[in-house]
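What follows is one structure encoded as structure tokens, with my remarks underneath.
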2 protein chains.
Amino acid sequence: MGANNKAILIIIDGLGDLTPNSPLQTAKKKNLDRLAKEGITGMLSTIKRGIVPGSDTSHLSILGYEPEKYYCGRGPLEALGVGVQMKEGDVAFRANFATAQGNNITDRRAGRIDTLISKKLESSLNFDIEDVQCIFKTSVEHRGVLVLRGSGLSANVSETDSYKTGYSPESKPLDESKEAKKTARIINAFTKIAREHLEAHEENRKQEKSGKPKANAILLRGAGNYKKTQSFMERFGIAAACVAGGALYRGIAKYIGMTLVTVDGATGTKDTNLHEKAKEAVLSLRSNDLIFLHIKACDSFGHDGDPKGKTKMIERIDAELIPLLAKSGANLIITGDHSTPCARRGHSGHEVPILIWGNERQDEVTQFDEQSCMHGGLGHIEGKDLIPIILNLIGKGKKYGS
Amino acid sequence: MGANNKAILIIIDGLGDLTPNSPLQTAKKKNLDRLAKEGITGMLSTIKRGIVPGSDTSHLSILGYEPEKYYCGRGPLEALGVGVQMKEGDVAFRANFATAQGNNITDRRAGRIDTLISKKLESSLNFDIEDVQCIFKTSVEHRGVLVLRGSGLSANVSETDSYKTGYSPESKPLDESKEAKKTARIINAFTKIAREHLEAHEENRKQEKSGKPKANAILLRGAGNYKKTQSFMERFGIAAACVAGGALYRGIAKYIGMTLVTVDGATGTKDTNLHEKAKEAVLSLRSNDLIFLHIKACDSFGHDGDPKGKTKMIERIDAELIPLLAKSGANLIITGDHSTPCARRGHSGHEVPILIWGNERQDEVTQFDEQSCMHGGLGHIEGKDLIPIILNLIGKGKKYGS
């Protein structure tokens with residue numbers, strides 16, 4: 001092995017599913033199975049047994065940042081991920097472009113509006129209210145972030161995205177503080193002005209003409225108050241980089257001070273360029289001890305209730321990603337951030353299979369799937385165990401005691 | 001499945017035993033084995049690995065109430081179970097009818113006096129001492145509870161039940177507080193007055209005539225100070241009901257705000273009506289998300305050192321209880337609160353096998369016993385893991401993060 005003091009942590013988002021006939025059990029995946037045969041396997045609870053993880057908390061936990069202590073809400077993480085330079089005290093939200101008729105939300109995602117169109121709408125959503133700067137940035141399709149920057153703001157306000165249609169979005173303070181009251185007032189003003197600017201925007205006249213839903217409203221959720229945190233290097237003493245397309249995952253990496261690798265065609269969607277991601281991950285091993293490589297699409301197929309899509313995505317990962325990574329000689333850790341069973345169309349608290357290949361022992365397991373790995377030699381581990389295991393793999397674990 | 005968003009938690013008290021030839025290994029139990037084959041298995045430490053659990057602490061732990069925080073002594077739980085309306089500050093004890101000659105205890109259980117006779121003795125044990133109300137209530141055979149209600153009481157007093165014969169019962173304060181001194185004084189007065197009332201009681205003259213031991217003394221243990229606690233619904237957001245015969249288990253359910261289901265012939269003893277318990281459990285699924293179903297007798301056979309009795313009881317559970325429960329379509333979680341090895345005639349800290357059937361994955365295990373389940377796909381879990389696992393099973397786990 002050429003890089004056996006390095007590691008690549010491959011997080012296949014939403015990987016786990018229910019058995020029998022889970023996508024992992026069904027997929028043809030000779031490369032993953034070879035690694036399972038040569039390596040060691042087990043089951044991972046990214047938070048704790050049975051707990052249903054969010055994608056943000058599970059990644060923090062896997063990457064060695066206990067979410068009880070380090071989780072600051074999804075908004076700031078997404079904002080970091082789309083490239084906003086965050087400042088302490090900023091309050092950030094995950095934002096959706098939506099369609100409204102009058103005050104009523106009729107489509108929470110504005111027909112999953114095209115990324116290029118939402119980009120054109122962005123500048124009309126950056127303005128000041130009172131002493132607060134509203135910073136809006138789009139990411140992919142209907143998704144974006146809103147960052148409020150100003151004095152005396154609080155994240156303790158209600159979301160304007162109610163995960164339904166047929167209502168008029170409004171934020172309320174969730175405590176009696178003047179900060180929460182001010183923030184709710186700013187959000188409601190932003191919502192109103194955004195509605196006017198978007199309704200009047202040329203792109204929405206085009207949408208209307210072509211019979212498509214207008215992106216004429218903004219919905220907010222995942223409020224969080226940004227705080228700086230200890231970097232990965234400070235915390236664990238190794239250099240780490242992130243290869244990911246999705247904004248949240250890039251944001252988490254940024255939050256903990258990992259280097260962000262830019263990859264052509266790493267979209268965080270189902271058409272992501274796996275070969276390019278693998279290539280860049282391997283290249284990044286030169287100047288890093290650990291690469292955190294994230295692949296989103298299996299989770300999306302789970303949310304869509306599409307086991308065939310999930311199975312094919314696993315087969316693509318097996319064919320397009322794994323061989324290149326294995327060839328690098330780095331230790332490979334392959335797992336998910338949580339299960340997203342297709343039958344549930346959402347996250348679940350079932351454990352995720354995990355496979356470690358490299359400076360670990362071998363077990364008797366020869367296939368990488370839920371039913372095989374539950375009998376694996378790693379046993380049942382938790383997210384918090386992963387970084388110590390990785391540090392040990394690459395010989396960078398600090399001795400505790402003497 | 002008709003009720004796959006519901007669950008029944010079946011606690012077979014004292015289920016675990018030593019191998020080889022444990023009652024679970026010996027019993028003919030085709031229904032349990034079928035569920036093991038179709039479901040997933042593992043081993044459960046209800047408190048922590050190796051710790052010898054009490055029945056009270058183990059149930060609190062299994063039901064999601066960490067005993068370090070929520071255990072208030074056995075007395076209050078038993079008192080709740082026999083129907084005493086407890087008030088904050090009450091000090092309660094588990095009580096035994098005993099036989100005394102003069103001041104000397106000669107039989108700790110008054111020959112396991114009949115339930116109907118002890119019931120008749122009850123009213124002579126309710127009186128006031130100083131400003132303290134003594135509330136005595138019998139349960140089954142020689143068992144009962146004493147609740148002290150009044151100002152300035154403490155549970156920090158020694159027990160009068162010394163688990164032996166040939167001594168004169170006396171309570172002492174275990175600290176220097178005036179509350180402990182007062183409570184010990186009240187107990188000693190109660191013990192003396194109870195001895196006089198019982199000795200003079202008509203039922204004891206009948207006992208004497210028929211050559212049976214008199215129930216002419218009361219022994220106390222399991223002192224505890226009652227405190228209200230957060231209800232199961234508040235804590236976990238689901239409606240739960242309890243099907244149990246034994247006072248302690250009903251008391252624990254009452255303590256955490258579960259609905260108590262009344263079942264004809266659910267006695268908490270070896271002749272309990274399993275079929276009726278199963279029927280009522282299934283009926284109770286209509287208005288509840290979770291049923292906690294408790295069966296006592298395996299533990300009693302363990303304490304008696306009777307492996308044949310324990311084996312037969314498992315066979316009865318397999319034949320009379322399991323098929324009805326499985327037919328309901330609810331998720332089934334089958335385990336024990338601790339091991340009660342017949343060879344030890346008492347609780348032990350050996351893990352208990354656990355079987356989950358329903359919205360879980362399958363493992364390779366095909367039999368429900370100690371030696372098979374130690375290789376099961378759930379691995380080795382703790383009591384605290386169980387409620388999160390159950391919430392995830394029935395799709396009621398709250399996502400942690402987003």
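Residue numbers start at 1 in each chain; chains themselves are named A, B, ... in the order of the structure tokens; ligands are numbered from 1 in the order shown.
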
*Please return, as a ChimeraX atom specification, all residues of chain B lying within 12 Å of chain A when only C-alpha atoms are considered.*
/B:5,38-42,358-365,373-402

Keeping only C-alpha atoms, take the residues you just selected and write them out as a PDB file, in the first residue's frame.
```pdb
ATOM      1  CA  ASN B   5     -46.918   1.238  13.883  1.00  0.00           C
ATOM      2  CA  GLU B  38     -38.022 -14.016  11.127  1.00  0.00           C
ATOM      3  CA  GLY B  39     -36.706 -11.230  13.352  1.00  0.00           C
ATOM      4  CA  ILE B  40     -33.499 -10.041  14.948  1.00  0.00           C
ATOM      5  CA  THR B  41     -31.966 -11.082  18.260  1.00  0.00           C
ATOM      6  CA  GLY B  42     -29.344 -10.003  20.715  1.00  0.00           C
ATOM      7  CA  GLY B 358     -41.459  -6.483  13.042  1.00  0.00           C
ATOM      8  CA  ASN B 359     -39.940  -3.393  11.468  1.00  0.00           C
ATOM      9  CA  GLU B 360     -36.424  -4.598  12.092  1.00  0.00           C
ATOM     10  CA  ARG B 361     -33.914  -6.399   9.979  1.00  0.00           C
ATOM     11  CA  GLN B 362     -33.362 -10.150  10.043  1.00  0.00           C
ATOM     12  CA  ASP B 363     -30.297 -11.882  11.385  1.00  0.00           C
ATOM     13  CA  GLU B 364     -29.022 -15.439  11.047  1.00  0.00           C
ATOM     14  CA  VAL B 365     -30.292 -16.621  14.439  1.00  0.00           C
ATOM     15  CA  CYS B 373     -29.014 -14.750  20.822  1.00  0.00           C
ATOM     16  CA  MET B 374     -25.478 -13.907  21.923  1.00  0.00           C
ATOM     17  CA  HIS B 375     -24.609 -14.145  18.208  1.00  0.00           C
ATOM     18  CA  GLY B 376     -27.609 -12.077  17.147  1.00  0.00           C
ATOM     19  CA  GLY B 377     -27.648  -9.067  14.891  1.00  0.00           C
ATOM     20  CA  LEU B 378     -28.672  -6.600  17.581  1.00  0.00           C
ATOM     21  CA  GLY B 379     -25.452  -7.232  19.432  1.00  0.00           C
ATOM     22  CA  HIS B 380     -25.254  -6.359  23.105  1.00  0.00           C
ATOM     23  CA  ILE B 381     -27.541  -3.540  24.133  1.00  0.00           C
ATOM     24  CA  GLU B 382     -28.499  -1.855  27.391  1.00  0.00           C
ATOM     25  CA  GLY B 383     -31.837  -1.051  28.941  1.00  0.00           C
ATOM     26  CA  LYS B 384     -31.482   2.599  27.979  1.00  0.00           C
ATOM     27  CA  ASP B 385     -31.329   1.661  24.282  1.00  0.00           C
ATOM     28  CA  LEU B 386     -34.694  -0.058  24.272  1.00  0.00           C
ATOM     29  CA  ILE B 387     -37.167   2.827  24.121  1.00  0.00           C
ATOM     30  CA  PRO B 388     -35.254   4.598  21.299  1.00  0.00           C
ATOM     31  CA  ILE B 389     -35.211   1.289  19.404  1.00  0.00           C
ATOM     32  CA  ILE B 390     -38.957   0.839  19.976  1.00  0.00           C
ATOM     33  CA  LEU B 391     -39.766   4.427  18.952  1.00  0.00           C
ATOM     34  CA  ASN B 392     -37.789   3.843  15.755  1.00  0.00           C
ATOM     35  CA  LEU B 393     -39.594   0.527  15.149  1.00  0.00           C
ATOM     36  CA  ILE B 394     -43.012   2.164  15.241  1.00  0.00           C
ATOM     37  CA  GLY B 395     -41.893   5.229  13.295  1.00  0.00           C
ATOM     38  CA  LYS B 396     -42.277   7.586  16.248  1.00  0.00           C
ATOM     39  CA  GLY B 397     -38.623   8.447  16.801  1.00  0.00           C
ATOM     40  CA  LYS B 398     -38.081  12.208  16.733  1.00  0.00           C
ATOM     41  CA  LYS B 399     -35.296  13.201  14.382  1.00  0.00           C
ATOM     42  CA  TYR B 400     -32.313  14.623  16.228  1.00  0.00           C
ATOM     43  CA  GLY B 401     -31.086  17.452  14.019  1.00  0.00           C
ATOM     44  CA  SER B 402     -32.392  18.026  10.502  1.00  0.00           C
TER      45      SER B 402
END
```

*Tell me, which residues of segment 81-313 of chain A carry DSSP strand (DSSP E), written as a VMD selection string?*
chain A and resid 91 to 101 104 to 107 127 to 129 132 to 138 143 to 149 217 to 225 240 to 243 259 to 260 290 to 295

*Please provide as a ChimeraX atom specification all residues within 7 Å of segment 261-274 of chain B, with the sequence filter that same-chain residues fewer than 2 positions apart are discarded (counting only C-alpha atoms).*
/B:241-246,259,276-278,280,295-297,317,320-321

*Step one, run DSSP on the backbone; step two, keep only residues of segment 206-244 of chain A assigned to helix (DSSP H, G or I); then write them as a ChimeraX atom specification.*
/A:206-209,232-236

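Residue nearest His142 of chain B within the list B:Ile218, B:Ile105, B:Val91, B:Leu248: B:Ile218 [criterion: smallest interatomic distance, only C-alpha atoms].
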
*Shell around Lys164 of chain A at 12 Å using only C-alpha atoms, local window under 6 positions removed, as a PyMOL selection string*: chain A and resi 98-99+104-109+219

Quick one: write out the picked residues with C-alpha atoms as an mmCIF file, in the first residue's frame?
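Dumped everything to part_30.cif:
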```cif
data_model
loop_
_atom_site.group_PDB
_atom_site.id
_atom_site.type_symbol
_atom_site.label_atom_id
_atom_site.label_comp_id
_atom_site.auth_asym_id
_atom_site.auth_seq_id
_atom_site.Cartn_x
_atom_site.Cartn_y
_atom_site.Cartn_z
ATOM 1 C CA ALA A 98 -41.647 28.553 -3.083
ATOM 2 C CA THR A 99 -44.742 29.437 -5.074
ATOM 3 C CA ASN A 104 -50.885 31.369 0.348
ATOM 4 C CA ILE A 105 -48.060 28.920 -0.284
ATOM 5 C CA THR A 106 -49.085 26.543 -3.089
ATOM 6 C CA ASP A 107 -45.748 24.771 -3.759
ATOM 7 C CA ARG A 108 -42.973 24.477 -1.159
ATOM 8 C CA ARG A 109 -40.293 24.085 -3.831
ATOM 9 C CA LEU A 219 -39.620 29.872 3.183
#
```

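One finds atom CA of Pro341 of chain A at 9.9 Å from atom CA of Asp304 of chain A.
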
_Atom-to-atom span, atom CA of Arg143 of chain A and atom CA of Gly257 of chain A, Å_ =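 Separation between atom CA of Arg143 of chain A and atom CA of Gly257 of chain A: 23.7 Å.
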